[in-house]
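For reference, the structure discussed in these notes is given below.
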Amino acid sequence: MKKSSFKSGVHPFEGKSYSQNMEIKSINADKIMVFPMSQHIGAPAKPVVKVGDRVLKGMKIAEAASFISSPVYSSVSGTVKAIEECHMISGTPSLAITVENDFEDECVQGFGESRNPDALSEEEIVNIISESGIVGLGGAGFPTGVKLSPKNKDSIDYIIVNGAECEPYLTSDYRIMLERAEQILAGVSVILRLFAHARAVIAIEDNKPEAIHVFEEKCSAYDKISTMRLKTRYPQGGERRLIASVTGRKINSHMLPADAGVVVINAATVYAIYNAVCRNIPLISKVVTITGDGVQSPCNAEVPLGVFFSYVMEQCGGLKENAVKLISGGPMMGMAMPGLDFPVIKTSSSVLAITSDDVAKMKTTACIHCGRCVGVCPENLVPQLMAQAAKAENYERFETLNGMECIECGCCTYVCPAKRPLTQTFKLAKIAVRATKTAK
């Protein structure tokens, strides 16, 4: 079996030992459930219910508002109590539907019934995936039905299942791969129905030997599905990096994976496809990791969408008294949380609670021109010069330096001895560039 790597990137503390051996536990819904309309890339979903309506589990409560959009489904039965703005973890507002759970768990007709994917046409499969509200569950949130409908379908020869999960501390995908491998392979088989000339590769970092063993064993029964062992190195699971590691092909910010003949699907997303196509279950739940030295009982939990993180944390034993910082996602690409009063959405991956905030203790100094940031950048950029341009608001030079190719992985910030917030600087610069172009 091939083992692939790359020269740049970093080796941060993995932190996966907190939760990697914890089997997925199920957490029931709470009394009040909140479903934001902005849970994906693209136009926010549009509510199709009104205050006072009774909804059922698995019922569509918001429809896709455009081609790049995704519907939202209720994970409980109950009554719509409000349709109003809420704040997301990022601080941005989103219209949201609040449902009061009646705990009757009454489902829509046909919910959970087995369905034979071989009896479905390609068009029907894509429609089911789109209508089930499935988006990229690795964090990107791009509508999966759109991803599986490229213009050049006949030129797609690789389906890459992203099982790298390179972000430190996160283990939800790992547990899904261990515990639900057969369902993932069934989901991959569904995807392969859409691409006549493609074969699938399950790409997994070598710090997950058990998952590799499981898929190597089970893939032997499939002609067009294989497993690839990837060298553990952050950000191995980044889409561009993964494509290069598996196929040797390269893409940039002006290209889509399909332009290189590739479709990349996260392992959890494939599992969601299996549920939608084979079991008639729309996307109403998500496996998340609750972890860190600030958590009483680190775990992986399957939770209904719409439940608050505060409730999930309670069900996982709560926070330790000395927890000083909360992060949504991992330490490299996640964002700080001001609290836990936010609903779990499609792109939620984890809550990381830590007892020592090293970042807050850091003192930023001037760049010492050591070049470490250049050495670790997976996109072969020059962060030092990009930061100079961004600080001077010289966005034309920032673009000339290929600043828009930054994947915001955080490697440069991680190794910077001057403790400069490089990644954050580039995020803001890219926003400014896009805003300028939009205004023009």
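Going by the structure tokens order, chains are called A, B, ..., each with residues numbered from 1, while ligands are numbered from 1 in the order shown.
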Within 7 Å of range 17-38 of chain A, which residues of range 285-366 of chain A show up? Give each one with its shortest atom-to-atom distance in Å (one decimal) and the two atoms involved, counting only C-alpha atoms, rows by chain then rising residue number, as CSV.
residue,atom,partner,partner_atom,distance
A:Thr291,CA,A:Tyr18,CA,6.3
A:Gly292,CA,A:Tyr18,CA,6.6
A:Pro298,CA,A:Ser19,CA,5.5
A:Cys299,CA,A:Ser19,CA,5.1
A:Asn300,CA,A:Ile24,CA,4.9
A:Ala301,CA,A:Lys25,CA,4.7
A:Glu302,CA,A:Ser26,CA,4.9
A:Val303,CA,A:Ile27,CA,5.2
A:Pro304,CA,A:Ala29,CA,6.0
A:Gly306,CA,A:Val34,CA,4.6
A:Val307,CA,A:Met33,CA,5.2
A:Pro343,CA,A:Val34,CA,6.2
Once you have the residues from the selection above, write them out as an mmCIF file, in the first residue's frame, restricted to N, CA, C and O atoms.
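Result file again21.cif:
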data_model
loop_
_atom_site.group_PDB
_atom_site.id
_atom_site.type_symbol
_atom_site.label_atom_id
_atom_site.label_comp_id
_atom_site.auth_asym_id
_atom_site.auth_seq_id
_atom_site.Cartn_x
_atom_site.Cartn_y
_atom_site.Cartn_z
ATOM 1 N N THR A 291 -13.646 17.607 24.061
ATOM 2 C CA THR A 291 -12.315 17.171 24.454
ATOM 3 C C THR A 291 -11.492 18.273 25.105
ATOM 4 O O THR A 291 -11.914 19.420 25.213
ATOM 5 N N GLY A 292 -10.292 17.890 25.517
ATOM 6 C CA GLY A 292 -9.354 18.821 26.135
ATOM 7 C C GLY A 292 -9.192 18.564 27.620
ATOM 8 O O GLY A 292 -10.013 17.880 28.244
ATOM 9 N N PRO A 298 -13.955 13.635 28.414
ATOM 10 C CA PRO A 298 -13.852 13.758 26.958
ATOM 11 C C PRO A 298 -14.563 12.600 26.258
ATOM 12 O O PRO A 298 -14.536 11.462 26.734
ATOM 13 N N CYS A 299 -15.210 12.906 25.135
ATOM 14 C CA CYS A 299 -15.983 11.871 24.450
ATOM 15 C C CYS A 299 -16.255 12.271 23.012
ATOM 16 O O CYS A 299 -15.970 13.395 22.585
ATOM 17 N N ASN A 300 -16.806 11.330 22.263
ATOM 18 C CA ASN A 300 -17.365 11.582 20.941
ATOM 19 C C ASN A 300 -18.858 11.328 21.048
ATOM 20 O O ASN A 300 -19.268 10.266 21.534
ATOM 21 N N ALA A 301 -19.655 12.279 20.644
ATOM 22 C CA ALA A 301 -21.094 12.161 20.848
ATOM 23 C C ALA A 301 -21.864 12.477 19.580
ATOM 24 O O ALA A 301 -21.554 13.446 18.872
ATOM 25 N N GLU A 302 -22.848 11.638 19.276
ATOM 26 C CA GLU A 302 -23.771 11.946 18.187
ATOM 27 C C GLU A 302 -24.916 12.744 18.782
ATOM 28 O O GLU A 302 -25.637 12.261 19.661
ATOM 29 N N VAL A 303 -25.064 13.964 18.322
ATOM 30 C CA VAL A 303 -26.042 14.878 18.906
ATOM 31 C C VAL A 303 -26.998 15.374 17.831
ATOM 32 O O VAL A 303 -26.631 15.495 16.657
ATOM 33 N N PRO A 304 -28.234 15.657 18.186
ATOM 34 C CA PRO A 304 -29.173 16.209 17.202
ATOM 35 C C PRO A 304 -28.816 17.642 16.863
ATOM 36 O O PRO A 304 -28.440 18.427 17.752
ATOM 37 N N GLY A 306 -29.253 21.430 16.326
ATOM 38 C CA GLY A 306 -30.154 22.365 16.993
ATOM 39 C C GLY A 306 -30.025 22.395 18.494
ATOM 40 O O GLY A 306 -30.484 23.328 19.152
ATOM 41 N N VAL A 307 -29.376 21.363 19.083
ATOM 42 C CA VAL A 307 -29.202 21.338 20.526
ATOM 43 C C VAL A 307 -28.040 22.274 20.888
ATOM 44 O O VAL A 307 -27.119 22.475 20.102
ATOM 45 N N PRO A 343 -26.080 26.816 19.192
ATOM 46 C CA PRO A 343 -26.595 25.519 18.740
ATOM 47 C C PRO A 343 -25.588 24.763 17.882
ATOM 48 O O PRO A 343 -24.778 25.364 17.172
#
At a cut-off of 10 Å, using only C-alpha atoms, what residues contact range 140-154 of chain A? Leave out same-chain residues fewer than 2 positions from it and give the result as a VMD selection string.
chain A and resid 38 to 42 64 67 to 71 123 125 to 138 156 to 157 191 194 to 198 256 to 259 261 to 266 269 to 270 273 346 to 348
State, in Å with one decimal place, the distance from CA of Glu63 in chain A to CA of Val287 in chain A.
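So the answer is 23.3 Å.
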How would you write, as a PyMOL selection string, the set of residues in range 117-219 of chain A that DSSP gives as alpha helix (DSSP H)?
chain A and resi 122-131+144-147+172-179+181-192+209-219
Could you pull the residues within 7 Å of range 83-89 of chain A, counting only C-alpha atoms, minus those fewer than 5 positions along the same chain, as an MDAnalysis selection string?
chainID A and resid 51 94:98 337 342
Have a look at CA of Cys278 in chain A and CA of Cys107 in chain A and let me know their distance in Å, one decimal.
17.1 Å
Shell of 9 Å around Gly9 in chain A, only C-alpha atoms, local chain residues under 5 positions omitted, as a PyMOL selection string:
chain A and resi 233-236+375-378+411-412
Let me see the file: selected residues, N, CA, C and O atoms, as an mmCIF file, in the first residue's frame.
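Below is the file again_17.cif, written as the result:
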data_model
loop_
_atom_site.group_PDB
_atom_site.id
_atom_site.type_symbol
_atom_site.label_atom_id
_atom_site.label_comp_id
_atom_site.auth_asym_id
_atom_site.auth_seq_id
_atom_site.Cartn_x
_atom_site.Cartn_y
_atom_site.Cartn_z
ATOM 1 N N ARG A 233 1.007 14.444 9.096
ATOM 2 C CA ARG A 233 1.652 15.754 9.023
ATOM 3 C C ARG A 233 0.567 16.787 8.738
ATOM 4 O O ARG A 233 -0.146 16.680 7.747
ATOM 5 N N TYR A 234 0.435 17.773 9.578
ATOM 6 C CA TYR A 234 -0.579 18.810 9.402
ATOM 7 C C TYR A 234 -0.106 19.800 8.326
ATOM 8 O O TYR A 234 1.060 20.191 8.329
ATOM 9 N N PRO A 235 -0.968 20.244 7.364
ATOM 10 C CA PRO A 235 -2.394 19.944 7.200
ATOM 11 C C PRO A 235 -2.646 18.906 6.102
ATOM 12 O O PRO A 235 -3.144 19.249 5.019
ATOM 13 N N GLN A 236 -2.325 17.675 6.346
ATOM 14 C CA GLN A 236 -2.500 16.605 5.371
ATOM 15 C C GLN A 236 -3.947 16.506 4.880
ATOM 16 O O GLN A 236 -4.200 16.141 3.734
ATOM 17 N N GLY A 375 9.166 27.939 5.338
ATOM 18 C CA GLY A 375 9.489 26.525 5.302
ATOM 19 C C GLY A 375 8.313 25.606 5.563
ATOM 20 O O GLY A 375 8.288 24.473 5.077
ATOM 21 N N VAL A 376 7.326 26.087 6.338
ATOM 22 C CA VAL A 376 6.204 25.205 6.700
ATOM 23 C C VAL A 376 4.962 25.430 5.851
ATOM 24 O O VAL A 376 4.016 24.634 5.905
ATOM 25 N N CYS A 377 4.924 26.489 5.059
ATOM 26 C CA CYS A 377 3.708 26.794 4.293
ATOM 27 C C CYS A 377 3.433 25.716 3.247
ATOM 28 O O CYS A 377 4.244 25.497 2.334
ATOM 29 N N PRO A 378 2.291 25.036 3.333
ATOM 30 C CA PRO A 378 1.979 23.976 2.366
ATOM 31 C C PRO A 378 1.690 24.499 0.969
ATOM 32 O O PRO A 378 1.675 23.727 0.010
ATOM 33 N N CYS A 411 -0.181 27.102 10.029
ATOM 34 C CA CYS A 411 1.190 26.594 10.197
ATOM 35 C C CYS A 411 2.182 27.723 10.460
ATOM 36 O O CYS A 411 3.076 27.604 11.303
ATOM 37 N N CYS A 412 2.057 28.825 9.715
ATOM 38 C CA CYS A 412 3.000 29.936 9.863
ATOM 39 C C CYS A 412 2.911 30.551 11.259
ATOM 40 O O CYS A 412 3.930 30.848 11.894
#
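Take the candidates A:Ile184, A:Ile431, A:Cys166, A:Ala276 and check each one against Asn116 in chain A using only C-alpha atoms; the shortest distance goes to A:Ala276.
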Distance criterion (only C-alpha atoms): nearest to Glu179 in chain A out of A:Ala366, A:Ala200, A:Val295, A:Ala211
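When distances to Glu179 in chain A are compared using only C-alpha atoms, the smallest one comes from A:Ala211.
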Within 12 Å of Asp358 in chain A using only C-alpha atoms, minus same-chain residues under 6 positions, as a PyMOL selection string
chain A and resi 324-325+331+414+419
Output all heavy atoms for every residue in the selection just made, as a CSV table (one decimal), in the first residue's frame.
chain,number,residue,atom,x,y,z
A,324,VAL,N,-10.1,27.5,31.1
A,324,VAL,CA,-10.0,29.0,30.9
A,324,VAL,C,-10.3,29.4,29.5
A,324,VAL,O,-10.5,30.6,29.2
A,324,VAL,CB,-8.5,29.4,31.2
A,324,VAL,CG1,-8.2,29.2,32.7
A,324,VAL,CG2,-7.5,28.7,30.3
A,325,LYS,N,-10.4,28.4,28.5
A,325,LYS,CA,-10.7,28.8,27.2
A,325,LYS,C,-11.4,27.7,26.4
A,325,LYS,O,-11.2,26.5,26.6
A,325,LYS,CB,-9.4,29.1,26.4
A,325,LYS,CG,-9.6,29.7,25.0
A,325,LYS,CD,-8.2,30.1,24.4
A,325,LYS,CE,-8.4,30.8,23.1
A,325,LYS,NZ,-7.1,31.3,22.5
A,331,PRO,N,-7.3,23.5,17.6
A,331,PRO,CA,-6.4,24.7,18.0
A,331,PRO,C,-5.8,25.3,16.7
A,331,PRO,O,-5.4,26.5,16.8
A,331,PRO,CB,-5.4,24.0,18.9
A,331,PRO,CG,-5.3,22.6,18.4
A,331,PRO,CD,-6.7,22.2,18.1
A,414,TYR,N,1.9,29.0,13.9
A,414,TYR,CA,2.3,28.0,14.9
A,414,TYR,C,3.9,28.1,15.1
A,414,TYR,O,4.3,27.9,16.2
A,414,TYR,CB,1.9,26.6,14.4
A,414,TYR,CG,2.3,25.5,15.3
A,414,TYR,CD1,1.6,25.2,16.4
A,414,TYR,CD2,3.4,24.7,15.0
A,414,TYR,CE1,1.9,24.2,17.3
A,414,TYR,CE2,3.8,23.7,15.8
A,414,TYR,CZ,3.0,23.4,16.9
A,414,TYR,OH,3.4,22.4,17.7
A,419,LYS,N,5.8,35.3,17.5
A,419,LYS,CA,4.4,35.1,17.9
A,419,LYS,C,3.5,36.1,17.2
A,419,LYS,O,2.5,36.7,17.8
A,419,LYS,CB,4.2,35.3,19.4
A,419,LYS,CG,5.2,34.5,20.3
A,419,LYS,CD,5.1,33.1,20.0
A,419,LYS,CE,6.1,32.2,20.8
A,419,LYS,NZ,6.2,30.8,20.4
At a cut-off of 8 Å, using only C-alpha atoms, what residues contact range 75-80 of chain A? Leave out same-chain residues fewer than 2 positions from it and give the result as a VMD selection string.
chain A and resid 29 49 to 59 73 82 to 83 97 to 107 284 to 285 304 to 306
Among range 159-332 of chain A, which residues carry a DSSP assignment of strand (DSSP E), reported as a PyMOL selection string?
chain A and resi 159-162+199-205+225-230+262-266+285-291+299-304+325-328
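The closest residue to Cys219 in chain A, picked from A:Glu239, A:Asp341, A:Glu379, A:Glu182 and counting only C-alpha atoms, is A:Glu182.
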My list of candidates is A:Arg193, A:Lys427, A:Arg229, A:Arg397. Which is closest to Glu216 in chain A when distances are computed with only C-alpha atoms?
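Closest candidate: A:Arg229.
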Contacts of Pro338 in chain A at 10 Å (only C-alpha atoms; same-chain gap of 6+ positions) as a list in words
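Residues near the query, excluding close chain neighbours: Ile89, Ser90, Gly91, Lys325, Leu326, Ile327 and Ser328 of chain A.
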Prev. selection, all heavy atoms, output as an mmCIF file, in the first residue's frame:
data_model
loop_
_atom_site.group_PDB
_atom_site.id
_atom_site.type_symbol
_atom_site.label_atom_id
_atom_site.label_comp_id
_atom_site.auth_asym_id
_atom_site.auth_seq_id
_atom_site.Cartn_x
_atom_site.Cartn_y
_atom_site.Cartn_z
ATOM 1 N N ILE A 89 -21.376 31.278 16.353
ATOM 2 C CA ILE A 89 -20.110 31.324 17.079
ATOM 3 C C ILE A 89 -19.174 32.366 16.482
ATOM 4 O O ILE A 89 -18.419 33.032 17.198
ATOM 5 C CB ILE A 89 -19.441 29.933 17.062
ATOM 6 C CG1 ILE A 89 -20.274 28.953 17.900
ATOM 7 C CG2 ILE A 89 -18.021 29.995 17.605
ATOM 8 C CD1 ILE A 89 -19.796 27.523 17.839
ATOM 9 N N SER A 90 -19.241 32.561 15.180
ATOM 10 C CA SER A 90 -18.387 33.539 14.507
ATOM 11 C C SER A 90 -18.757 34.974 14.852
ATOM 12 O O SER A 90 -18.012 35.906 14.544
ATOM 13 C CB SER A 90 -18.473 33.346 12.999
ATOM 14 O OG SER A 90 -19.799 33.586 12.544
ATOM 15 N N GLY A 91 -19.915 35.164 15.471
ATOM 16 C CA GLY A 91 -20.388 36.498 15.805
ATOM 17 C C GLY A 91 -21.367 37.053 14.793
ATOM 18 O O GLY A 91 -22.008 38.081 15.027
ATOM 19 N N LYS A 325 -10.408 28.420 28.535
ATOM 20 C CA LYS A 325 -10.682 28.806 27.150
ATOM 21 C C LYS A 325 -11.432 27.712 26.434
ATOM 22 O O LYS A 325 -11.165 26.525 26.636
ATOM 23 C CB LYS A 325 -9.367 29.103 26.416
ATOM 24 C CG LYS A 325 -9.557 29.689 25.010
ATOM 25 C CD LYS A 325 -8.229 30.115 24.418
ATOM 26 C CE LYS A 325 -8.411 30.808 23.075
ATOM 27 N NZ LYS A 325 -7.113 31.278 22.519
ATOM 28 N N LEU A 326 -12.379 28.126 25.598
ATOM 29 C CA LEU A 326 -13.163 27.211 24.765
ATOM 30 C C LEU A 326 -12.868 27.508 23.298
ATOM 31 O O LEU A 326 -12.816 28.679 22.895
ATOM 32 C CB LEU A 326 -14.656 27.385 25.038
ATOM 33 C CG LEU A 326 -15.133 27.126 26.461
ATOM 34 C CD1 LEU A 326 -16.598 27.537 26.604
ATOM 35 C CD2 LEU A 326 -14.967 25.656 26.822
ATOM 36 N N ILE A 327 -12.700 26.456 22.520
ATOM 37 C CA ILE A 327 -12.449 26.612 21.094
ATOM 38 C C ILE A 327 -13.432 25.750 20.321
ATOM 39 O O ILE A 327 -13.626 24.575 20.644
ATOM 40 C CB ILE A 327 -11.012 26.191 20.733
ATOM 41 C CG1 ILE A 327 -9.997 27.070 21.466
ATOM 42 C CG2 ILE A 327 -10.778 26.261 19.230
ATOM 43 C CD1 ILE A 327 -8.556 26.630 21.287
ATOM 44 N N SER A 328 -14.072 26.342 19.333
ATOM 45 C CA SER A 328 -14.934 25.587 18.428
ATOM 46 C C SER A 328 -14.056 25.036 17.318
ATOM 47 O O SER A 328 -13.470 25.781 16.541
ATOM 48 C CB SER A 328 -16.016 26.492 17.839
ATOM 49 O OG SER A 328 -16.750 25.816 16.847
#
Rank A:Lys250, A:His213, A:Arg241, A:Lys16 by their smallest atom-to-atom distance to Thr289 in chain A, using only C-alpha atoms, and report the top residue only.
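Closest to Thr289 in chain A, using only C-alpha atoms: A:Lys16.
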When you count only C-alpha atoms, which of these residues is closest to Ala186 in chain A: A:Asn280, A:Asn275, A:Asn402, A:Thr436?
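Answer, going by the shortest atom-to-atom distance: A:Asn275.
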